[in-house]
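> Next up is a structure, given as structure tokens.
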2 protein chains.
Amino acid sequence: MKNHRLTSAVLVLYFLTLVQQSSAQSDSLMLNKIYREELLNGKAYSWLYELTTKIGGRLSGSPQAAQAVEFAKRTMTDVGADSVWLQEVWVPHWVRGEKETGKIIDTKGNEQEVPVCALGMSVATPKNGITAQVIEVHDFDELKKLGAEKIKGKIVFYNHPFDQTFVNTFDAYGEAGIYRYIGASEAARYGAVASIVRSMSTSDNDYPHTGAQGYNDSLPKIPCAAISTNGANLLSRILKAGSGTKFFLKQNCQLLDSVLSYNVIGEIKGTEHPEEIIVVGGHLDSWETGKGANDDGAGVVQSIEVFRLMKELHIKPKRTIRAVAFMNEENGLRGGKKYAALAEKNHEKTIVAIESDAGGFTPQGFGLNMKEEEKTKVKRWKDLFLPYEIWHWDGDGDGADISPLTRNGKVPGIGLQVDSQRYFEIHHAATDVFENVNKRELHLGAAAMTSLVYLLSFYGM
Amino acid sequence: MKNHRLTSAVLVLYFLTLVQQSSAQSDSLMLNKIYREELLNGKAYSWLYELTTKIGGRLSGSPQAAQAVEFAKRTMTDVGADSVWLQEVWVPHWVRGEKETGKIIDTKGNEQEVPVCALGMSVATPKNGITAQVIEVHDFDELKKLGAEKIKGKIVFYNHPFDQTFVNTFDAYGEAGIYRYIGASEAARYGAVASIVRSMSTSDNDYPHTGAQGYNDSLPKIPCAAISTNGANLLSRILKAGSGTKFFLKQNCQLLDSVLSYNVIGEIKGTEHPEEIIVVGGHLDSWETGKGANDDGAGVVQSIEVFRLMKELHIKPKRTIRAVAFMNEENGLRGGKKYAALAEKNHEKTIVAIESDAGGFTPQGFGLNMKEEEKTKVKRWKDLFLPYEIWHWDGDGDGADISPLTRNGKVPGIGLQVDSQRYFEIHHAATDVFENVNKRELHLGAAAMTSLVYLLSFYGM
């Protein structure tokens, strides 16, 4: 009896192993199909061409953002989503106005123009600009030490270097970004009249990199701008030569009334567990200094490609897949917040959320923002991905748009992790254009995402 | 006694483990120093600027190749190599002559110019060009089936697609390259008067990609050229519309007398095992259609950077390190052959040879062309490299220049493996220029090579 039981157990185990092997084999074949189809016939690149060159930069509230909503809706419909709908989102409507002017005025009165651009949500300078003595700091400690006595009435210049020694450039961004985000208010705390921040860039170039900043409501709102890295180097050199150096800044950006905009959502209904939802997305809005190609047109077209590949390969997912083109990641995250709020209100069962928002570069892996036991589940697929050079599963970054969903471990979050070497050359700058996206790299990312969505849709979390 | 022996054995093991741990720790610190120094102060990028923009394309036998020899000698000396010398190499001197002309002439006589360039070592067309009916084939089987009856007097157009479904683009190159290399002679076998080959490129573009071809001496030598991928697509469409379509090709390239050139060799003598030599190199010559930035200026400057980093960080290698800038990889491999022949003649003990010749892109790992037990030795360092996103150790490609050394397992060979997605957009084309090399990517490759050379120089093979 004992032996018989043992034999049965062995047989069951053997059978299970066979089933596992055969499903691993069929999964391996399906990933191969997905990659083949995408590398031969991928559409993401041509969609990105349309989104970035026909529509262009798409800041929330702009006519381009509205066109992008139409683009996403139409494209999701064209690829055969079961349903496509818009989700209302009120977004801030900040406009840059005329091209900004920045000038260094040395102690002899010589003027030298340098590339600057207003930070997102900044107030304008007075109509004819503002001129004040400029004072360079490298971090908040230096600022604090200088204090009101040295700062009052001046323009604070945050020249915090982007740390080149991080291999993953997002680590450097994580560290330097704070000077852009809260620098203006911190300078205002000591009476500064404006602030300029060294662009968050890995390279020395002439393109200022904009990005969001958020005022501390208890402090005066002063105008703030980014200066190109070459401009920052020049300003720093001139300051070393003469401490009375002044800076002239002129920008007439303004915050208009909020505008009604939309998240665009497409869905393929699951055949067996339609109530279990897998979210895959990127954000539709972008800064208008460039064309929002890597940030984050790439993520949007890759997410729509997930649908196209599913339909083209006749994959009928067991769980529901939602592609979401989020609105307003750059200056408010209103789309991500709205999506999460409605998902909660409607008691939706989101089993996992995936975002691509690190640029359309060669995919390396997936950041896993989830519990350890959930990570173990996802990582059991590692070997399936190795032939596609997807090797990195130990990061934990997911994505800003899905963060209201995944915060506090509510929903497991996944971020497509890509080669980060070139991202901060072009991020939020005039160089974030279609030409700086490589077709194969973009399509490999779409195939990686689709492969993971396929596995999640069949096996769940 | 038994127990005592056991205790001793345990103590010895414990001690060895401590030593191993501490050396692994100090190795880890040294890799960190190498990467920091390279990412902050790397010189490879500025050297590459000089090599590619001040000197330019450097085909063997050209004045630019001679200038490149001087550049490499001077730069190796400047970074503090113990000795630098030139190794004589007689190289073929093929010159392209005037810009080539290619025209499609449809059945109505309409002419349309398309971008073409002579393949390396091709003969010229008659002075006023050659016009003949063009016949498209996709592979040698099709060619053979058509036979002399259909081929004689015609221009064979090899339209073999570059297989996009390989994730590593070198696999597609390995497969398609044969049509470029022996296509002319195979067409001549059936009486073709010329041949044109679809460029080996991952993208549809207007740049023809040149490259070596080798005639079969027992067959007539016919002129052969590459046509851009867009040109190939157009020609194929026009051929579908009318089978009498002709092609006009004009090129006046020629092979001149051989020229005396050089491998450039720098050396840092090992402190403990000076007789054990580690070769690290790239090739100095390049096609002159572009500027030889990724192929292979990158490999040359990365190899010299190994020396700079060693000197800057006061690393005194136990084994001898030789940086070699090989001559004539592109159309003859005379430099690699000469180096290996002299190493054998002088009974040198080369313990390993490393090459970087896959472009200055983000490094992924090292291809290991060596015995299994040697692979195991090298792979014990895998974990040290993971923080630097070096993960791939299962390829086996090393490099053409070191192949005469490593052939038949004589010397273990290692190739720097990099992200391959962008290489065959620019390979051998006018787009292989400095602007298509990213500083951080290039420097990460130099740091990876230096780290491996450091470990090999201390621990041997």
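Each chain in the structure tokens gets a letter, A, B, ..., in the order shown, and its residues are numbered from 1; ligands are numbered from 1 in order too.
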Near Phe247 (chain B), within 10 Å and counting only C-alpha atoms, which residues show up once chain neighbours fewer than 4 positions away are dropped, as a compact mmCIF listing (two decimals) with C-alpha atoms, in the first residue's frame?

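The result, stored in out39.txt:
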```txt
# COMPACT_ATOMS: atom_id res chain seq x y z
CA GLY B 102 24.40 52.94 -60.00
CA LYS B 103 21.25 53.35 -62.07
CA ILE B 104 18.16 51.29 -62.56
CA ILE B 105 16.93 51.43 -66.17
CA ASP B 106 13.38 50.17 -66.42
CA GLU B 111 16.69 55.84 -65.37
CA GLN B 112 16.78 56.11 -61.62
CA GLU B 113 19.98 56.58 -59.67
CA ILE B 130 28.61 48.61 -67.69
CA THR B 131 24.93 48.19 -68.52
CA ALA B 132 23.22 44.83 -68.51
CA GLN B 133 19.97 43.19 -67.72
CA VAL B 134 19.71 42.56 -64.01
CA ILE B 135 18.50 39.35 -62.48
CA LYS B 154 23.72 39.73 -66.93
CA ILE B 155 24.21 41.53 -63.62
CA VAL B 156 23.31 39.35 -60.66
CA PHE B 157 21.49 41.16 -57.85
CA ALA B 194 28.88 42.14 -62.61
CA ILE B 196 25.42 43.85 -56.79
CA LEU B 235 15.17 47.65 -57.69
```
> Show me which bits of chain A are within 8 Å of chain B, counting only C-alpha atoms, as an MDAnalysis selection string.
chainID A and resid 35:36 39:40 164:165 167 362 387:389 391 419 421:422 438 440:441
> Write a file of the selected residues as a short mmCIF file (atom, residue, chain, number, x, y, z; two decimals), in the first residue's frame, keeping C-alpha atoms.

```cif
data_model
loop_
_atom_site.label_atom_id
_atom_site.label_comp_id
_atom_site.auth_asym_id
_atom_site.auth_seq_id
_atom_site.Cartn_x
_atom_site.Cartn_y
_atom_site.Cartn_z
CA TYR A 35 9.52 38.25 -30.97
CA ARG A 36 9.52 37.09 -34.60
CA LEU A 39 10.94 42.16 -35.22
CA LEU A 40 9.53 41.50 -38.69
CA GLN A 164 28.47 59.97 -13.84
CA THR A 165 29.75 57.11 -11.71
CA VAL A 167 26.17 52.70 -14.09
CA THR A 362 17.26 48.00 -25.57
CA PRO A 387 17.45 34.14 -25.40
CA TYR A 388 16.08 37.68 -25.86
CA GLU A 389 18.83 39.25 -23.75
CA TRP A 391 18.50 39.23 -17.88
CA ASP A 419 19.63 50.35 -21.22
CA GLN A 421 23.06 55.13 -21.03
CA ARG A 422 21.46 57.51 -23.54
CA ASN A 438 15.99 52.99 -32.67
CA ARG A 440 14.80 47.43 -33.22
CA GLU A 441 15.36 48.62 -29.66
#
```
> Measuring between only C-alpha atoms, which one of B:Ala293, B:Ile227, B:Ile315, B:Val418 shows the shortest distance to Ser199 (chain B)?
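Looking only at the distances to Ser199 (chain B), the closest residue turns out to be B:Ile227.
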> So which residues touch Lys152 (chain A) within 6 Å, counting only C-alpha atoms, skipping near sequence neighbours fewer than 6 positions away, as a PDB file with C-alpha atoms, in the first residue's frame?

```
ATOM      1  CA  TYR A 190      16.089  82.581   2.070  1.00  0.00           C
ATOM      2  CA  GLY A 191      14.749  85.398  -0.052  1.00  0.00           C
ATOM      3  CA  ALA A 192      16.076  84.471  -3.512  1.00  0.00           C
TER       4      ALA A 192
END
```
> Where in region 287-382 of chain A does DSSP assign helix (DSSP H, G or I), given as number ranges by chain?
A: 293-312, 334-345, 372-379, 382
> Counting only C-alpha atoms, what is within 10 Å of Ser261 (chain B), bar same-chain residues fewer than 6 positions away, as a PyMOL selection string?
chain B and resi 60-62+65-66+69+86-92+327-328+334-335
> What residues in region 204-398 of chain A get the DSSP label strand (DSSP E or B)? Please answer as number ranges by chain.
A: 212, 224-227, 246-250, 254-268, 273-283, 319-326, 349-355, 363-369, 392
> So how many Å separate CA of Arg407 (chain A) and CA of Asn369 (chain A), to one decimal?
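CA of Asn369 (chain A) lies 9.1 Å from CA of Arg407 (chain A).
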> Can you list, as a compact mmCIF listing (two decimals) with C-alpha atoms, in the first residue's frame, every protein, DNA or RNA residue that comes within 10 Å of Glu186 (chain B) when you count only C-alpha atoms, leaving out same-chain residues fewer than 3 positions away?

```
# COMPACT_ATOMS: atom_id res chain seq x y z
CA PHE B 140 22.95 30.61 -54.14
CA LEU B 143 21.49 31.28 -58.70
CA LYS B 144 22.41 27.68 -59.41
CA VAL B 156 23.31 39.35 -60.66
CA TYR B 179 26.64 36.85 -50.47
CA TYR B 181 32.07 37.84 -49.71
CA ILE B 182 31.83 35.26 -52.51
CA GLY B 183 28.82 36.52 -54.48
CA ARG B 189 30.79 31.07 -62.51
CA TYR B 190 27.65 31.35 -64.63
CA GLY B 191 28.91 34.14 -66.85
CA ALA B 192 27.57 37.23 -65.03
CA SER B 195 27.12 41.62 -59.29
CA TYR B 215 37.58 36.50 -55.65
CA ASN B 216 37.94 32.84 -56.48
CA LEU B 219 36.98 32.35 -62.06
CA PRO B 220 36.78 35.63 -63.99
```
> Calculated over only C-alpha atoms, which of the candidates B:Val95, B:Val197, B:Val300, B:Ile402 has the smallest distance to Leu256 (chain B)?
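Using only C-alpha atoms, the shortest distance to Leu256 (chain B) belongs to B:Val95.
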> Using only C-alpha atoms, determine which residues lie at most 10 Å from Lys54 (chain B), disregarding the query and same-chain residues fewer than 4 positions distant; provide the list as a PDB file with C-alpha atoms, in the first residue's frame.

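Written output follows (part-v2.pdb):
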```pdb
ATOM      1  CA  LEU B  48      38.210  58.660 -30.825  1.00  0.00           C
ATOM      2  CA  TYR B  49      37.272  62.199 -31.814  1.00  0.00           C
ATOM      3  CA  GLU B  50      40.846  62.774 -32.943  1.00  0.00           C
ATOM      4  CA  GLN B  64      45.058  58.169 -43.156  1.00  0.00           C
ATOM      5  CA  GLN B  67      48.506  58.860 -39.673  1.00  0.00           C
ATOM      6  CA  ALA B  68      46.537  56.439 -37.510  1.00  0.00           C
ATOM      7  CA  LYS B 291      35.172  57.307 -40.435  1.00  0.00           C
TER       8      LYS B 291
END
```
> A:Gly214, A:Gly460, A:Gly367, A:Pro404: which is nearest Ile321 (chain A), counting only C-alpha atoms?
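Ranked by minimum distance to Ile321 (chain A), first place goes to A:Gly460.
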> Residues at most 9 Å from region 350-360 of chain B, counting only C-alpha atoms, excluding those fewer than 5 positions away in the same chain, as a PyMOL selection string?
chain B and resi 170+275-283+293-300+302-303+343+398-402+405-406+411-420+423+427+437-439+441-446+449+453+456+460-461
> What is the CA of Ala325 (chain B)-CA of Ala72 (chain B) distance in Å, reported with one decimal?
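Taking CA of Ala325 (chain B) as the start and CA of Ala72 (chain B) as the end point, the length is 7.1 Å.
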> Between B:Ile426, B:Ala148, B:Ala212, B:Met30, which residue has the minimum interatomic distance to Leu333 (chain B), considering only C-alpha atoms?
B:Ala212
> Using only C-alpha atoms for the distances, tell me which of A:Ala448, A:Val116, A:Ala187, A:Asn263 is nearest to Gly147 (chain A).
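Using only C-alpha atoms, the shortest distance to Gly147 (chain A) belongs to A:Ala187.
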> I'd like the interatomic distance between CA of Ile268 (chain B) and CA of Val79 (chain B), to a tenth of an Å.
10.8 Å
